[in-house]
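Chemist: Take a look at this one; I'll ask things after.
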Protein chains: 2
Amino acid sequence: MTLSDKNYAFVMHCGEMGSRWGFNRTIGQMCGLLIITKEPMTANEIADGLSISRGNVSMGIKELQSWRLIKVQHIPGDRKEYYAPAGTIWDMANRVFEERKKREIDPTLSLLRDNLIEPATNDDEKFAQQQMHEIHDLLETVTKWSSELQRLSPEQLQSLMKLGSGIGKVLDFKDKILKKQ
Amino acid sequence: MTLSDKNYAFVMHCGEMGSRWGFNRTIGQMCGLLIITKEPMTANEIADGLSISRGNVSMGIKELQSWRLIKVQHIPGDRKEYYAPAGTIWDMANRVFEERKKREIDPTLSLLRDNLIEPATNDDEKFAQQQMHEIHDLLETVTKWSSELQRLSPEQLQSLMKLGSGIGKVLDFKDKILKKQ
DNA sequence: CATTGGTTTCATTATTTATTGAAACTTGAA
DNA sequence: TTCAAGTTTCAATAAATAATGAAACCAATG
């Protein structure tokens with residue numbers, strides 16, 4: 001099976017973007033390929049489709065699994081493993097978001113917490129701690145928010161997302177609403 | 001000027017995280033250093049502080065400026081350029097966010113738009129286009145949202161952020177509110 | 001208009017990261 | 001058990017990325 005021009009362009013684009021999205025070229029390509037391919041694919045099909053080594057695909061699969069982006073499927077009477085996206089586009093975006101938060105925010109939050117436990121011992125440290133405190137609070141807020149969003153039902157999320165410019169108005173009513181609750 | 005242990009740990013951490021945040025180790029370190037240092041620093045001070053070459057600092061400055069994260073200052077009667085963070089922590093986070101959106105989302109959105117203009121010519125492409133359409137819509141929504149957030153006043157943003165678990169309740173009132181407007 | 005304090009550039013080198021492919025491993029079926 | 005189809009691992013290699021430092025550049029000053 002060879003890709004149409006358009007599909008090929010998409011897969012290659014995913015490759016280019018791969019490293020910006022948090023993985024690398026090959027893994028970006030694999031992800032793109034699996035997303036636009038209707039049927040689950042074997043590792044060999046992926047390797048052939050992208051002209052990369054079998055070993056590389058194996059690594060990539062492991063990585064994509066660690067991001068919880070793909071799932072394995074079996075076809076009765078067939079020994080091969082078939083891979084497919086683990087959910088809808090929305091699910092996948094969510095996973096990437098969560099996973100990146102884990103890698104990009106959590107470690108810093110943890111360092112800052114440690115660093116802020118004992119008080120500053122001199123002026124330089126005092127200023128530094130103020131700054132770190134700001135970063136800490138910002139990251140905590142983001143964290144709280146993201147876990148809040150996870151908790152919302154898909155409908156609520158859709159509703160929130162679609163809200164768009166209405167968000168300002170909604171905020172203006174916030175106080176009123178919170179009083180009523 | 002040498003860094004205290006804690007401050008040093010913070011700067012090094014920023015280095016480790018650098019590549020995850022979208023730049024590289026040195027630039028992460030530079031950013032961290034400038035943030036926790038009260039006074040603006042010269043390029044040489046930065047190079048000394050981080051034990052890296054003068055040339056590297058120059059590159060890093062250029063990059064940090066392209067992210068709009070630092071600003072140049074001059075001290076009367078002094079020929080050197082002094083560098084300092086370009087705004088509050090909040091401002092900087094915002095810039096990183098915007099800049100990353102530009103690098104991580106916009107190019108894909110643009111590719112998808114192009115790709116979705118002409119209709120699919122066969123079944124494989126039809127399925128692929130459906131998927132691409134979903135990605136497209138998702139990215140559009142995110143884009144719209146992020147520009148919406150930019151438009152909010154700092155107070156509104158704070159208010160929204162602090163909302164936390166209240167968000168669900170607020171959403172429940174959305175329809176009612178939108179009717180009233 | 002030459003000197004000097006300062007900055008930038010960029011070819012070279014060093015470091016890091018990704019890829020290959022052969023060997024080791026796993027597992028279901030005969 | 002053994003075989004064979006399939007998967008994983010990992011040392012070696014290739015490719016990409018970052019860092020150095022010397023030379024070029026720039027601009028204020030005497």
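Residues are named by chain letter and number: chains run A, B, ... in the order of the structure tokens, numbers start at 1 in each chain, and ligands are numbered from 1 in the order shown.
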What are the residues of chain D that have an atom within 8 Å of an atom of chain B, counting only C-alpha atoms (C1' of nucleotides), as a PDB file with N, CA and C atoms (P, O5', C5', C4', C3', O3' and C1' of nucleotides), in the first residue's frame?
Modeler:
ATOM      1  P    DA D  19      24.619  24.631  23.710  1.00  0.00           P
ATOM      2  O5'  DA D  19      26.121  24.667  23.210  1.00  0.00           O
ATOM      3  C5'  DA D  19      27.006  23.633  23.660  1.00  0.00           C
ATOM      4  C4'  DA D  19      28.434  24.067  23.436  1.00  0.00           C
ATOM      5  C3'  DA D  19      28.741  25.479  23.932  1.00  0.00           C
ATOM      6  O3'  DA D  19      29.945  25.389  24.690  1.00  0.00           O
ATOM      7  C1'  DA D  19      29.236  25.278  21.606  1.00  0.00           C
ATOM      8  P    DT D  20      30.687  26.682  25.183  1.00  0.00           P
ATOM      9  O5'  DT D  20      31.795  26.792  24.047  1.00  0.00           O
ATOM     10  C5'  DT D  20      32.730  25.725  23.887  1.00  0.00           C
ATOM     11  C4'  DT D  20      33.735  26.097  22.819  1.00  0.00           C
ATOM     12  C3'  DT D  20      34.480  27.391  23.090  1.00  0.00           C
ATOM     13  O3'  DT D  20      35.860  27.082  23.133  1.00  0.00           O
ATOM     14  C1'  DT D  20      33.632  27.340  20.868  1.00  0.00           C
ATOM     15  P    DG D  21      36.877  28.057  23.844  1.00  0.00           P
ATOM     16  O5'  DG D  21      37.349  28.940  22.601  1.00  0.00           O
ATOM     17  C5'  DG D  21      37.890  28.297  21.459  1.00  0.00           C
ATOM     18  C4'  DG D  21      38.121  29.327  20.376  1.00  0.00           C
ATOM     19  C3'  DG D  21      38.646  30.680  20.876  1.00  0.00           C
ATOM     20  O3'  DG D  21      39.451  31.228  19.852  1.00  0.00           O
ATOM     21  C1'  DG D  21      36.654  31.049  19.786  1.00  0.00           C
TER      22       DG D  21
END
Chemist: Produce a table with one row for each residue of chain A that has an atom at most 8 Å from any atom of chain B, each row naming the nearest atom pair and its distance in Å at one decimal; use only C-alpha atoms; arrange rows by chain and rising residue number; format as a tab-separated table.
Modeler:
residue	atom	partner	partner_atom	distance
A:Ser4	CA	B:Glu125	CA	7.4
A:Lys6	CA	B:Asn115	CA	6.6
A:Asn7	CA	B:Glu125	CA	7.0
A:Phe10	CA	B:Leu111	CA	7.7
A:His13	CA	B:Thr108	CA	7.6
A:Met17	CA	B:Glu104	CA	7.0
A:Arg20	CA	B:Glu104	CA	5.9
A:Trp21	CA	B:Glu104	CA	6.5
A:Gly22	CA	B:Arg20	CA	7.3
A:Ile35	CA	B:Gln131	CA	7.0
A:Ile36	CA	B:Ala128	CA	4.4
A:Thr37	CA	B:Ala128	CA	6.6
A:Lys38	CA	B:Phe127	CA	6.6
A:Ile89	CA	B:Ile135	CA	6.4
A:Trp90	CA	B:Leu138	CA	7.4
A:Arg103	CA	B:Arg20	CA	7.5
A:Glu104	CA	B:Arg20	CA	6.0
A:Thr108	CA	B:His13	CA	7.5
A:Leu111	CA	B:Phe10	CA	7.7
A:Leu112	CA	B:Phe10	CA	7.9
A:Asn115	CA	B:Lys6	CA	6.6
A:Asp124	CA	B:Thr37	CA	7.3
A:Glu125	CA	B:Asn7	CA	7.0
A:Phe127	CA	B:Lys38	CA	6.6
A:Ala128	CA	B:Ile36	CA	4.4
A:Gln129	CA	B:Ile36	CA	7.7
A:Gln131	CA	B:Ile36	CA	6.2
A:Met132	CA	B:Ile36	CA	7.6
A:Glu134	CA	B:Ile89	CA	6.7
A:Ile135	CA	B:Ile89	CA	6.4
A:Leu138	CA	B:Trp90	CA	7.4
A:Thr141	CA	B:Met161	CA	6.7
A:Val142	CA	B:Met161	CA	7.8
A:Lys144	CA	B:Gly164	CA	6.8
A:Trp145	CA	B:Gly164	CA	5.9
A:Glu148	CA	B:Ser165	CA	6.1
A:Leu152	CA	B:Gly168	CA	6.8
A:Gln156	CA	B:Leu171	CA	7.0
A:Ser159	CA	B:Leu171	CA	7.7
A:Leu160	CA	B:Leu171	CA	7.0
A:Met161	CA	B:Thr141	CA	6.7
A:Lys162	CA	B:Thr141	CA	7.3
A:Gly164	CA	B:Trp145	CA	5.9
A:Ser165	CA	B:Glu148	CA	6.1
A:Gly166	CA	B:Leu178	CA	7.9
A:Ile167	CA	B:Glu148	CA	8.0
A:Gly168	CA	B:Leu152	CA	6.9
A:Val170	CA	B:Lys174	CA	6.7
A:Leu171	CA	B:Leu160	CA	7.0
A:Phe173	CA	B:Ile177	CA	7.7
A:Lys174	CA	B:Val170	CA	6.7
A:Ile177	CA	B:Val170	CA	6.9
A:Leu178	CA	B:Gly166	CA	7.8
Chemist: Give me, please, the distance in Å between CA of Lys80 in chain A and CA of Asp48 in chain A, quoted to one decimal.
Modeler: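 Computing it gives 15.3 Å between the two atoms.
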Chemist: With a distance cut-off of 8 Å and only C-alpha atoms (C1' of nucleotides), select the neighbouring residues of range 84-87 of chain B, excluding the residue or stretch itself and same-chain residues fewer than 5 positions from it, and output the selection as a ChimeraX atom specification.
Modeler: /B:31,34-35,39-41,68-73,92
Chemist: Using only C-alpha atoms (C1' of nucleotides), I'd like a table of the residues in chain C that come within 8 Å of chain B; for each, show the closest atom pair and its distance in Å rounded to one decimal, ordered by chain and ascending number, as a Markdown table.
Modeler:
| residue | atom | partner | partner_atom | distance |
| --- | --- | --- | --- | --- |
| C:DG5 | C1' | B:Arg79 | CA | 7.6 |
| C:DG6 | C1' | B:Lys80 | CA | 6.6 |
| C:DT7 | C1' | B:Ser58 | CA | 7.8 |
| C:DT8 | C1' | B:Ser58 | CA | 7.1 |
Chemist: Hey, what's within 12 Å of DT29 in chain D if we count only C-alpha atoms (C1' of nucleotides) and toss same-chain stuff fewer than 4 positions away? As a list in words, please?
Modeler: Gly77 and Arg79 of chain B; DC1, DA2, DT3, DT4 and DG5 of chain C
Chemist: How far is it from CA of Val96 in chain B to CA of Trp67 in chain B, in Å with one decimal?
Modeler: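 Computing the Euclidean distance for CA of Val96 in chain B and CA of Trp67 in chain B yields 6.9 Å.
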Chemist: Could you tell me how far CA of Gly60 in chain A lies from C1' of DA18 in chain C, in Å and to one decimal?
Modeler: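 Taking CA of Gly60 in chain A and C1' of DA18 in chain C, their separation equals 11.0 Å.
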Chemist: Taking the chain letters and numbering used in this document, name the residues of range 29-83 of chain A that DSSP puts in strand (DSSP E), as a list in words.
Modeler: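 Answer for range 29-83 of chain A restricted to strand (DSSP E) is Met41, Thr42, Ile70, Lys71, Val72, Gln73, His74, Glu81, Tyr82 and Tyr83 of chain A.
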